[in-house]
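> Following this line is final17.txt, made up of compact mmCIF, C-alpha atoms:
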# COMPACT_ATOMS: atom_id res chain seq x y z
CA MET A 1 -8.19 12.55 -28.59
CA LYS A 2 -5.58 10.86 -26.49
CA LYS A 3 -8.15 9.01 -24.44
CA LEU A 4 -9.52 6.48 -26.90
CA PRO A 5 -6.26 4.65 -27.79
CA ALA A 6 -5.33 4.68 -24.10
CA PHE A 7 -8.66 3.14 -23.20
CA ILE A 8 -8.30 0.38 -25.81
CA ALA A 9 -4.78 -0.41 -24.62
CA ILE A 10 -6.01 -0.58 -21.02
CA ILE A 11 -8.82 -3.00 -21.91
CA ILE A 12 -6.48 -5.31 -23.81
CA THR A 13 -3.94 -5.26 -20.95
CA GLY A 14 -6.71 -5.99 -18.47
CA ILE A 15 -7.96 -9.00 -20.41
CA LEU A 16 -4.44 -10.40 -20.68
CA LEU A 17 -3.76 -9.90 -16.96
CA ILE A 18 -7.03 -11.53 -15.90
CA TYR A 19 -6.29 -14.45 -18.20
CA GLY A 20 -2.87 -14.77 -16.59
CA ALA A 21 -4.35 -14.67 -13.09
CA GLU A 22 -5.71 -18.17 -13.51
CA ASP A 23 -2.34 -19.67 -12.66
CA PHE A 24 -1.97 -17.81 -9.41
CA PRO A 25 -2.41 -19.84 -6.20
CA LYS A 26 -5.75 -19.71 -4.43
CA TRP A 27 -6.25 -16.96 -1.91
CA SER A 28 -5.21 -18.02 1.66
CA ASP A 29 -3.97 -21.40 0.57
CA PRO A 30 -1.55 -22.84 3.18
CA ASN A 31 0.44 -24.78 0.59
CA GLN A 32 1.30 -22.00 -1.81
CA PRO A 33 4.96 -21.70 -2.86
CA ALA A 34 5.44 -18.38 -1.03
CA SER A 35 4.88 -20.06 2.34
CA LEU A 36 6.94 -23.18 1.83
CA HIS A 37 10.66 -22.72 1.45
CA VAL A 38 12.33 -20.38 3.92
CA SER A 39 9.34 -18.89 5.69
CA PRO A 40 8.60 -21.86 8.06
CA ARG A 41 12.21 -21.72 9.23
CA TYR A 42 11.88 -18.04 10.13
CA ILE A 43 8.59 -18.67 11.91
CA GLU A 44 9.75 -21.61 14.02
CA LYS A 45 13.25 -20.52 14.92
CA THR A 46 12.71 -16.84 15.69
CA VAL A 47 12.52 -17.19 19.47
CA GLU A 48 15.31 -19.69 19.94
CA GLU A 49 17.85 -17.95 17.68
CA THR A 50 16.98 -14.34 18.39
CA ALA A 51 15.07 -13.69 21.61
CA VAL A 52 12.46 -11.48 19.86
CA PRO A 53 8.81 -12.57 19.65
CA ASN A 54 7.84 -10.24 16.79
CA MET A 55 8.66 -12.10 13.57
CA VAL A 56 8.54 -9.03 11.32
CA THR A 57 11.14 -7.19 13.42
CA SER A 58 13.43 -10.20 13.64
CA ILE A 59 13.33 -10.76 9.88
CA LEU A 60 13.71 -7.05 9.08
CA ALA A 61 16.55 -6.31 11.47
CA ASP A 62 18.39 -9.59 11.82
CA TYR A 63 17.86 -12.10 9.03
CA ARG A 64 17.55 -9.43 6.33
CA GLY A 65 19.44 -6.62 8.06
CA TYR A 66 21.58 -5.83 5.03
CA ASP A 67 18.55 -4.84 2.95
CA THR A 68 17.30 -2.57 5.72
CA MET A 69 20.64 -0.79 5.82
CA PHE A 70 20.46 0.01 2.14
CA GLU A 71 16.88 1.07 2.45
CA THR A 72 17.88 3.60 5.09
CA THR A 73 20.50 4.81 2.63
CA VAL A 74 17.82 5.16 -0.05
CA ILE A 75 15.62 7.39 2.09
CA PHE A 76 18.68 9.43 3.13
CA THR A 77 19.64 9.91 -0.54
CA ALA A 78 16.11 11.03 -1.37
CA GLY A 79 16.29 13.73 1.31
CA ILE A 80 19.65 14.94 0.02
CA VAL A 81 18.37 15.04 -3.59
CA VAL A 82 15.34 17.15 -2.61
CA MET A 83 17.69 19.55 -0.84
CA MET A 84 19.94 19.77 -3.89
CA LEU A 85 17.11 20.34 -6.36
CA LEU A 86 15.18 22.97 -4.50
CA ARG A 87 17.25 25.08 -2.18
CA ARG A 88 18.18 28.59 -3.18
CA PRO A 89 19.88 30.39 -0.32
CA LYS A 90 19.67 34.17 -0.43
CA LYS A 91 23.29 34.89 0.19
CA TRP A 92 25.35 33.05 -2.37
CA MET B 1 1.57 33.13 20.57
CA VAL B 2 -2.09 33.33 19.50
CA LYS B 3 -2.31 35.30 16.29
CA ASN B 4 -5.95 35.32 15.17
CA VAL B 5 -9.16 34.60 17.01
CA GLU B 6 -10.11 31.77 14.63
CA ASP B 7 -6.99 29.79 15.35
CA VAL B 8 -7.58 29.49 19.09
CA VAL B 9 -9.35 26.14 18.99
CA ILE B 10 -6.76 24.50 16.75
CA GLN B 11 -3.86 25.83 18.77
CA MET B 12 -5.28 24.73 22.09
CA LEU B 13 -5.97 21.27 20.68
CA CYS B 14 -2.48 20.94 19.24
CA ARG B 15 -0.96 22.04 22.49
CA MET B 16 -2.35 18.84 24.03
CA LEU B 17 -1.83 16.66 20.98
CA ILE B 18 1.82 17.25 20.03
CA PRO B 19 3.49 15.98 23.26
CA LEU B 20 1.16 12.97 23.20
CA MET B 21 2.25 12.13 19.66
CA GLN B 22 5.92 12.41 20.53
CA VAL B 23 5.62 10.12 23.55
CA TYR B 24 3.53 7.69 21.50
CA SER B 25 6.20 7.50 18.83
CA LEU B 26 8.80 6.57 21.43
CA TYR B 27 6.39 3.95 22.81
CA VAL B 28 5.88 2.41 19.36
CA PHE B 29 9.64 2.30 18.80
CA ALA B 30 10.43 0.77 22.20
CA HIS B 31 7.77 -1.94 21.88
CA GLY B 32 8.91 -2.96 18.43
CA HIS B 33 10.10 -6.31 19.72
CA GLY B 34 6.91 -7.50 21.32
CA SER B 35 4.07 -5.90 19.39
CA PRO B 36 3.68 -4.30 15.95
CA GLY B 37 5.97 -1.32 15.58
CA GLY B 38 9.63 -0.62 15.16
CA GLY B 39 11.88 2.02 13.69
CA PHE B 40 10.01 3.15 10.57
CA GLN B 41 6.66 3.50 12.25
CA GLY B 42 8.01 5.45 15.24
CA GLY B 43 10.00 7.78 13.02
CA CYS B 44 6.97 8.64 10.88
CA ILE B 45 4.81 9.44 13.92
CA MET B 46 7.50 11.69 15.39
CA ALA B 47 7.84 13.55 12.07
CA ALA B 48 4.05 13.92 11.97
CA ALA B 49 4.15 15.66 15.36
CA PHE B 50 6.47 18.36 14.02
CA ILE B 51 4.44 18.69 10.82
CA VAL B 52 1.29 19.31 12.91
CA MET B 53 3.25 22.05 14.68
CA VAL B 54 4.07 23.71 11.34
CA ILE B 55 0.45 23.51 10.20
CA ALA B 56 -1.21 24.74 13.38
CA TYR B 57 1.33 27.34 14.44
CA ASP B 58 3.90 29.24 12.43
CA LEU B 59 6.97 28.03 10.57
CA ASN B 60 9.08 30.13 12.97
CA GLU B 61 7.81 28.13 15.95
CA ALA B 62 8.80 24.79 14.42
CA LYS B 63 12.20 26.11 13.34
CA ARG B 64 12.78 27.47 16.84
CA ARG B 65 12.25 24.04 18.34
CA PHE B 66 14.20 22.07 15.77
CA ARG B 67 17.04 24.02 14.23
CA GLU B 68 18.19 23.40 10.70
CA LYS B 69 21.69 22.42 11.73
CA ALA B 70 20.35 19.83 14.19
CA LEU B 71 18.11 18.44 11.43
CA LEU B 72 21.05 17.90 9.09
CA ILE B 73 23.12 16.30 11.82
CA PHE B 74 20.25 13.94 12.68
CA CYS B 75 19.94 12.83 9.05
CA CYS B 76 23.48 11.53 8.97
CA LEU B 77 23.53 10.29 12.57
CA GLY B 78 20.99 7.55 11.97
CA VAL B 79 22.81 5.96 9.03
CA PHE B 80 26.04 6.30 11.00
CA ILE B 81 24.58 4.40 13.98
CA TYR B 82 23.31 1.63 11.72
CA ALA B 83 26.52 1.14 9.76
CA GLY B 84 28.55 1.73 12.92
CA THR B 85 26.97 -1.27 14.61
CA GLY B 86 27.91 -3.39 11.61
CA TRP B 87 31.46 -2.02 11.69
CA ALA B 88 31.80 -2.64 15.43
CA VAL B 89 30.95 -6.30 14.90
CA LEU B 90 33.48 -6.43 12.06
CA LEU B 91 36.19 -5.10 14.37
CA LEU B 92 35.30 -7.70 17.00
CA GLY B 93 36.13 -10.48 14.58
CA SER B 94 33.03 -11.72 12.77
CA ASN B 95 30.94 -11.06 9.67
CA PHE B 96 29.26 -7.74 8.99
CA LEU B 97 26.03 -7.30 10.99
CA ASP B 98 26.37 -10.57 12.91
CA TYR B 99 25.09 -9.36 16.26
CA SER B 100 25.91 -12.44 18.35
CA PHE B 101 29.52 -11.24 18.63
CA LEU B 102 28.31 -8.19 20.54
CA SER B 103 28.22 -10.51 23.58
CA LYS B 104 31.92 -9.81 24.00
CA VAL B 105 31.19 -6.16 24.76
CA LEU B 106 27.74 -6.24 26.36
CA PRO B 107 26.88 -8.34 29.44
CA ALA B 108 24.61 -10.85 27.66
CA ASP B 109 24.72 -14.31 26.14
CA PRO B 110 24.96 -14.61 22.31
CA VAL B 111 21.21 -15.05 21.82
CA LYS B 112 20.30 -11.99 23.90
CA ALA B 113 23.03 -9.93 22.20
CA ARG B 114 21.04 -10.20 18.95
CA TYR B 115 18.10 -8.60 20.77
CA TYR B 116 20.25 -5.63 21.81
CA GLY B 117 21.84 -5.30 18.38
CA MET B 118 18.38 -5.10 16.82
CA ALA B 119 17.36 -2.37 19.27
CA MET B 120 20.42 -0.31 18.36
CA ILE B 121 19.84 -0.44 14.63
CA GLU B 122 16.14 0.36 15.02
CA LEU B 123 17.22 3.52 16.86
CA GLY B 124 19.33 4.51 13.87
CA VAL B 125 16.43 3.88 11.48
CA GLN B 126 14.03 5.96 13.58
CA ILE B 127 16.36 8.96 13.77
CA THR B 128 17.01 8.98 10.02
CA VAL B 129 13.38 8.53 8.98
CA MET B 130 12.19 11.28 11.32
CA ALA B 131 14.77 13.80 10.16
CA ILE B 132 14.34 13.07 6.45
CA MET B 133 10.53 13.24 6.53
CA LEU B 134 10.67 16.62 8.26
CA SER B 135 13.38 17.89 5.91
CA ILE B 136 11.49 16.87 2.75
CA PHE B 137 8.32 18.48 4.09
CA LEU B 138 10.05 21.76 4.93
CA ASP B 139 11.73 21.90 1.54
CA LEU B 140 8.51 21.28 -0.36
CA VAL B 141 6.43 23.71 1.72
CA THR B 142 8.78 26.67 1.43
CA LYS B 143 9.76 25.82 -2.18
CA GLY B 144 13.40 25.87 -1.14
CA GLU B 145 13.47 29.50 -0.11
CA HIS B 146 13.69 29.13 3.64
CA GLU B 147 14.71 32.70 4.49
CA LYS B 148 11.93 34.27 2.48
CA ALA B 149 9.33 32.05 4.16
CA LEU B 150 10.67 32.85 7.60
CA GLU B 151 10.30 36.58 7.08
CA GLU B 152 6.56 36.36 6.48
CA MET C 1 -18.12 -21.42 -10.53
CA LEU C 2 -18.70 -19.59 -7.25
CA GLU C 3 -15.65 -21.26 -5.75
CA TYR C 4 -13.55 -20.15 -8.69
CA ILE C 5 -14.65 -16.54 -8.19
CA ILE C 6 -14.08 -16.63 -4.43
CA SER C 7 -10.59 -18.05 -4.78
CA LYS C 8 -9.45 -15.49 -7.35
CA TYR C 9 -11.45 -12.29 -6.95
CA ASN C 10 -8.73 -10.52 -4.99
CA TYR C 11 -6.42 -10.66 -8.00
CA TRP C 12 -9.13 -9.17 -10.19
CA MET C 13 -9.58 -6.27 -7.79
CA TYR C 14 -5.87 -5.50 -7.80
CA ILE C 15 -5.80 -5.67 -11.59
CA VAL C 16 -8.64 -3.12 -11.77
CA ILE C 17 -6.72 -0.73 -9.49
CA ILE C 18 -3.59 -1.19 -11.62
CA LEU C 19 -5.56 -0.35 -14.75
CA ILE C 20 -6.98 2.79 -13.13
CA GLY C 21 -3.48 3.94 -12.26
CA VAL C 22 -2.06 3.25 -15.71
CA TYR C 23 -4.99 5.04 -17.37
CA GLY C 24 -4.30 8.07 -15.19
CA MET C 25 -0.65 8.06 -16.25
CA MET C 26 -1.37 7.69 -19.96
CA ALA C 27 -4.47 9.73 -20.70
CA LYS C 28 -4.33 12.79 -18.49
CA SER C 29 -2.33 15.77 -19.63
CA ASN C 30 -1.75 17.51 -16.30
CA LEU C 31 1.55 16.48 -14.76
CA MET C 32 0.16 16.36 -11.23
CA LYS C 33 -2.54 13.90 -12.25
CA LYS C 34 0.07 11.66 -13.81
CA LEU C 35 1.89 11.57 -10.50
CA ILE C 36 -1.27 10.61 -8.68
CA GLY C 37 -1.77 7.79 -11.19
CA MET C 38 1.73 6.54 -10.45
CA GLY C 39 0.95 6.58 -6.75
CA ILE C 40 -2.22 4.54 -7.23
CA PHE C 41 -0.26 2.00 -9.30
CA GLN C 42 2.36 1.69 -6.56
CA TRP C 43 -0.16 1.00 -3.82
CA ALA C 44 -1.96 -1.62 -5.90
CA ILE C 45 1.29 -3.58 -6.19
CA ILE C 46 1.81 -3.34 -2.44
CA PHE C 47 -1.70 -4.65 -1.78
CA TYR C 48 -1.12 -7.58 -4.12
CA PHE C 49 2.02 -8.69 -2.31
CA MET C 50 0.43 -8.31 1.11
CA SER C 51 -2.44 -10.59 0.09
CA ILE C 52 -0.01 -13.41 -0.70
CA GLY C 53 0.77 -13.89 2.98
CA ALA C 54 -2.72 -14.89 4.09
CA LYS C 55 -3.46 -18.39 5.33
CA LYS C 56 -6.80 -19.94 6.14
CA GLY C 57 -7.53 -20.00 9.89
CA ALA C 58 -4.13 -18.63 10.90
CA THR C 59 -3.33 -16.02 13.50
CA ILE C 60 -1.02 -13.01 13.68
CA HIS C 61 2.74 -13.41 13.50
CA ILE C 62 3.68 -12.52 17.09
CA VAL C 63 4.61 -15.24 19.58
CA THR C 64 2.51 -15.17 22.73
CA GLY C 65 3.80 -15.55 26.25
CA HIS C 66 5.97 -13.39 28.42
CA HIS C 67 9.69 -13.01 28.69
CA GLY C 68 11.42 -16.34 29.17
CA ALA C 69 8.38 -18.56 28.63
CA TYR C 70 7.28 -18.24 25.02
CA GLU C 71 4.95 -20.82 23.54
CA ALA C 72 5.94 -23.02 20.63
CA VAL C 73 4.53 -22.13 17.22
CA ARG C 74 3.85 -24.30 14.20
CA ALA C 75 4.29 -22.79 10.78
CA ILE C 76 0.79 -23.67 9.60
CA GLU C 77 -1.08 -21.55 12.12
CA VAL C 78 0.85 -18.31 11.66
CA ILE C 79 0.50 -16.05 8.62
CA ASN C 80 3.52 -15.56 6.42
CA PRO C 81 5.60 -12.61 7.66
CA LEU C 82 7.87 -12.28 4.62
CA PRO C 83 5.60 -10.23 2.29
CA SER C 84 4.94 -7.70 5.07
CA VAL C 85 8.65 -7.23 5.60
CA LEU C 86 9.42 -6.72 1.93
CA MET C 87 6.55 -4.28 1.56
CA LEU C 88 7.90 -2.10 4.38
CA THR C 89 10.87 -1.43 2.15
CA ALA C 90 8.63 -0.84 -0.85
CA ILE C 91 6.53 1.74 1.02
CA VAL C 92 9.62 3.70 2.02
CA VAL C 93 10.89 3.63 -1.56
CA GLY C 94 7.49 4.93 -2.65
CA VAL C 95 7.76 7.84 -0.24
CA ALA C 96 11.22 8.68 -1.58
CA THR C 97 9.99 8.58 -5.18
CA THR C 98 7.00 10.81 -4.39
CA GLY C 99 9.16 13.39 -2.61
CA ILE C 100 11.69 13.64 -5.41
CA SER C 101 9.03 13.76 -8.15
CA LEU C 102 7.20 16.59 -6.37
CA SER C 103 10.42 18.58 -6.13
CA VAL C 104 11.08 18.05 -9.87
CA LEU C 105 7.54 19.32 -10.50
CA ILE C 106 8.28 22.50 -8.53
CA SER C 107 11.40 23.05 -10.65
CA ILE C 108 9.36 22.62 -13.86
CA TYR C 109 6.81 25.15 -12.62
CA ARG C 110 9.51 27.67 -11.82
CA ARG C 111 10.91 27.38 -15.33
CA TYR C 112 7.84 27.16 -17.57
CA GLY C 113 5.00 28.51 -15.44
CA THR C 114 2.50 25.77 -16.25
CA PHE C 115 1.62 22.17 -15.46
CA GLU C 116 -0.06 21.15 -18.72
CA GLU C 117 2.10 18.98 -20.90
CA ASP C 118 0.84 20.39 -24.22
CA GLU C 119 1.92 23.90 -23.29
CA ILE C 120 5.27 22.69 -22.04
CA ILE C 121 5.96 20.89 -25.32
CA LYS C 122 4.98 24.04 -27.24
CA LEU C 123 7.28 26.20 -25.12
CA LEU C 124 10.11 23.71 -25.55
CA SER C 125 9.80 23.64 -29.34
CA GLU C 126 9.67 27.44 -29.45
CA LYS C 127 12.81 27.70 -27.35
CA GLY C 128 14.61 25.33 -29.68
CA LYS C 129 14.09 27.54 -32.72
Translate this structure into structure tokens?

Amino acid sequence: MKKLPAFIAIIITGILLIYGAEDFPKWSDPNQPASLHVSPRYIEKTVEETAVPNMVTSILADYRGYDTMFETTVIFTAGIVVMMLLRRPKKW
Amino acid sequence: MVKNVEDVVIQMLCRMLIPLMQVYSLYVFAHGHGSPGGGFQGGCIMAAAFIVMVIAYDLNEAKRRFREKALLIFCCLGVFIYAGTGWAVLLLGSNFLDYSFLSKVLPADPVKARYYGMAMIELGVQITVMAIMLSIFLDLVTKGEHEKALEE
Amino acid sequence: MLEYIISKYNYWMYIVIILIGVYGMMAKSNLMKKLIGMGIFQWAIIFYFMSIGAKKGATIHIVTGHHGAYEAVRAIEVINPLPSVLMLTAIVVGVATTGISLSVLISIYRRYGTFEEDEIIKLLSEKGK
């Protein structure tokens, strides 16, 4: 009952998405826009500016440290929300 | 400690496995600067060690080793360490989370001070992720009623 | 023709996984299956972003050498580290969403006693009268 309109909608969405995937850059292309603007600077300067050889750690904790702080806050908030929704102590 | 005969194999195996997982999580955290790893990964492995203890043994055993009050304190301690490092740099006279000014307090040059600042905030991330994963798991497994689950 | 397929087939695979996830969310009537569909959708997006960082003939993004004597790197022979970093955040947000949605599901079960959405709608409309 509910499955046939859902299936038709999925097929139409799939055709539109595959048609839109023609404009995406080729897989493992070195000149795609994601690898051109700020990423070479992070790659080349990570040892001389921060003495850390792992590029993912230096980007996560130093160049983009503000985002990581708010992400820690997000996971903390999720833990608090689960506590608030579910806990029922016996002695109220 | 051994309740039923069928559980003997699992309990003996977990007795060897759980300390190994905890030490491995500290190894992954400490080598976050030179090989793949860091705060999130180490925190998840440490939480997995305690979850294996809940599954193989009893809920009472896990709660005996990691009290509820300590769990709540650890949740907040990690975020406090992270934001506290940022605040300490602010008090030393620079922008928020600009670790090169930590060279005024620690015995290192400004480039190496960024290395130490990163290690401190990864410690905060590991503590928070470990405590929150364990807390969410305990809440979902006991459906919120911790005292009733502990009696059984 | 073969070159066109080889250069784009990863996007088609991710689109198929997205469609499976969305079908699970729309067509199934059990609330738990809808949540699993949302999880599949989330992971397909993460895979798509991780595949952006690949480069032909490049190596892993860790500088070799020991302390004090690191080798110089050129940007063309190291894979892009930025998508991996952003997806670490996305994975943690996914874990948070899954935890909270499961706890909401437990609350719904306590109140209505069922997971099927047709019965919940019927119970809701009966309560309203």
> Name the residues, using the chain letters and numbers of the file, that sit within 10 Å of (1.1, -9.5, 2.9) when counting all atoms listed in the file, and give them as a PyMOL selection string.
chain C and resi 46-54+79-87
> Could you please select, counting only C-alpha atoms, the residues of chain A within 7 Å of chain C and state them as JSON, numbers by chain?
{"A": [2, 3, 6, 10, 14, 18, 21, 26, 27, 28, 29, 30, 35, 39, 40, 43, 44, 53, 54, 55, 56, 60, 71, 75, 78, 82, 85, 86]}
> Mind listing as a PDB file with C-alpha atoms, in the coordinates of the input which residues of chain A are within 12 Å of chain B, counting all atoms listed in the file?

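Below is the file that was written, selection.pdb:
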ATOM      1  CA  LYS A  45      13.250 -20.520  14.920  1.00  0.00           C
ATOM      2  CA  THR A  46      12.710 -16.840  15.690  1.00  0.00           C
ATOM      3  CA  VAL A  47      12.520 -17.190  19.470  1.00  0.00           C
ATOM      4  CA  GLU A  48      15.310 -19.690  19.940  1.00  0.00           C
ATOM      5  CA  GLU A  49      17.850 -17.950  17.680  1.00  0.00           C
ATOM      6  CA  THR A  50      16.980 -14.340  18.390  1.00  0.00           C
ATOM      7  CA  ALA A  51      15.070 -13.690  21.610  1.00  0.00           C
ATOM      8  CA  VAL A  52      12.460 -11.480  19.860  1.00  0.00           C
ATOM      9  CA  PRO A  53       8.810 -12.570  19.650  1.00  0.00           C
ATOM     10  CA  ASN A  54       7.840 -10.240  16.790  1.00  0.00           C
ATOM     11  CA  MET A  55       8.660 -12.100  13.570  1.00  0.00           C
ATOM     12  CA  VAL A  56       8.540  -9.030  11.320  1.00  0.00           C
ATOM     13  CA  THR A  57      11.140  -7.190  13.420  1.00  0.00           C
ATOM     14  CA  SER A  58      13.430 -10.200  13.640  1.00  0.00           C
ATOM     15  CA  ILE A  59      13.330 -10.760   9.880  1.00  0.00           C
ATOM     16  CA  LEU A  60      13.710  -7.050   9.080  1.00  0.00           C
ATOM     17  CA  ALA A  61      16.550  -6.310  11.470  1.00  0.00           C
ATOM     18  CA  ASP A  62      18.390  -9.590  11.820  1.00  0.00           C
ATOM     19  CA  TYR A  63      17.860 -12.100   9.030  1.00  0.00           C
ATOM     20  CA  ARG A  64      17.550  -9.430   6.330  1.00  0.00           C
ATOM     21  CA  GLY A  65      19.440  -6.620   8.060  1.00  0.00           C
ATOM     22  CA  TYR A  66      21.580  -5.830   5.030  1.00  0.00           C
ATOM     23  CA  ASP A  67      18.550  -4.840   2.950  1.00  0.00           C
ATOM     24  CA  THR A  68      17.300  -2.570   5.720  1.00  0.00           C
ATOM     25  CA  MET A  69      20.640  -0.790   5.820  1.00  0.00           C
ATOM     26  CA  PHE A  70      20.460   0.010   2.140  1.00  0.00           C
ATOM     27  CA  GLU A  71      16.880   1.070   2.450  1.00  0.00           C
ATOM     28  CA  THR A  72      17.880   3.600   5.090  1.00  0.00           C
ATOM     29  CA  THR A  73      20.500   4.810   2.630  1.00  0.00           C
ATOM     30  CA  VAL A  74      17.820   5.160  -0.050  1.00  0.00           C
ATOM     31  CA  ILE A  75      15.620   7.390   2.090  1.00  0.00           C
ATOM     32  CA  PHE A  76      18.680   9.430   3.130  1.00  0.00           C
ATOM     33  CA  THR A  77      19.640   9.910  -0.540  1.00  0.00           C
ATOM     34  CA  ALA A  78      16.110  11.030  -1.370  1.00  0.00           C
ATOM     35  CA  GLY A  79      16.290  13.730   1.310  1.00  0.00           C
ATOM     36  CA  ILE A  80      19.650  14.940   0.020  1.00  0.00           C
ATOM     37  CA  VAL A  81      18.370  15.040  -3.590  1.00  0.00           C
ATOM     38  CA  VAL A  82      15.340  17.150  -2.610  1.00  0.00           C
ATOM     39  CA  MET A  83      17.690  19.550  -0.840  1.00  0.00           C
ATOM     40  CA  MET A  84      19.940  19.770  -3.890  1.00  0.00           C
ATOM     41  CA  LEU A  85      17.110  20.340  -6.360  1.00  0.00           C
ATOM     42  CA  LEU A  86      15.180  22.970  -4.500  1.00  0.00           C
ATOM     43  CA  ARG A  87      17.250  25.080  -2.180  1.00  0.00           C
ATOM     44  CA  ARG A  88      18.180  28.590  -3.180  1.00  0.00           C
ATOM     45  CA  PRO A  89      19.880  30.390  -0.320  1.00  0.00           C
ATOM     46  CA  LYS A  90      19.670  34.170  -0.430  1.00  0.00           C
ATOM     47  CA  LYS A  91      23.290  34.890   0.190  1.00  0.00           C
TER      48      LYS A  91
END
> Between atom CA of Met46 of chain B and atom CA of Arg65 of chain B, what is the distance in Å, rounded to a tenth?
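Separation between atom CA of Met46 of chain B and atom CA of Arg65 of chain B: 13.6 Å.
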> Distance atom CA of Leu17 of chain A-atom CA of Glu117 of chain C, one decimal place?
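A separation of 29.7 Å between them.
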> I'd like the interatomic distance between atom CA of Ala44 of chain C and atom CA of Leu16 of chain A, to a tenth of an Å.
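A separation of 17.4 Å between them.
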> Select, from B:Met16, B:Ala30, B:Ala62, B:Val141, the residue with the minimum atom-to-atom distance to chain C, counting all atoms listed in the file.
B:Val141
> Which polymer residues have any atom within 12 Å of an atom of Leu17 of chain B, counting only C-alpha atoms, with same-chain residues fewer than 5 positions away left out, as a ChimeraX atom specification?
/B:10-12,22-24,46,48-50,52-53,56
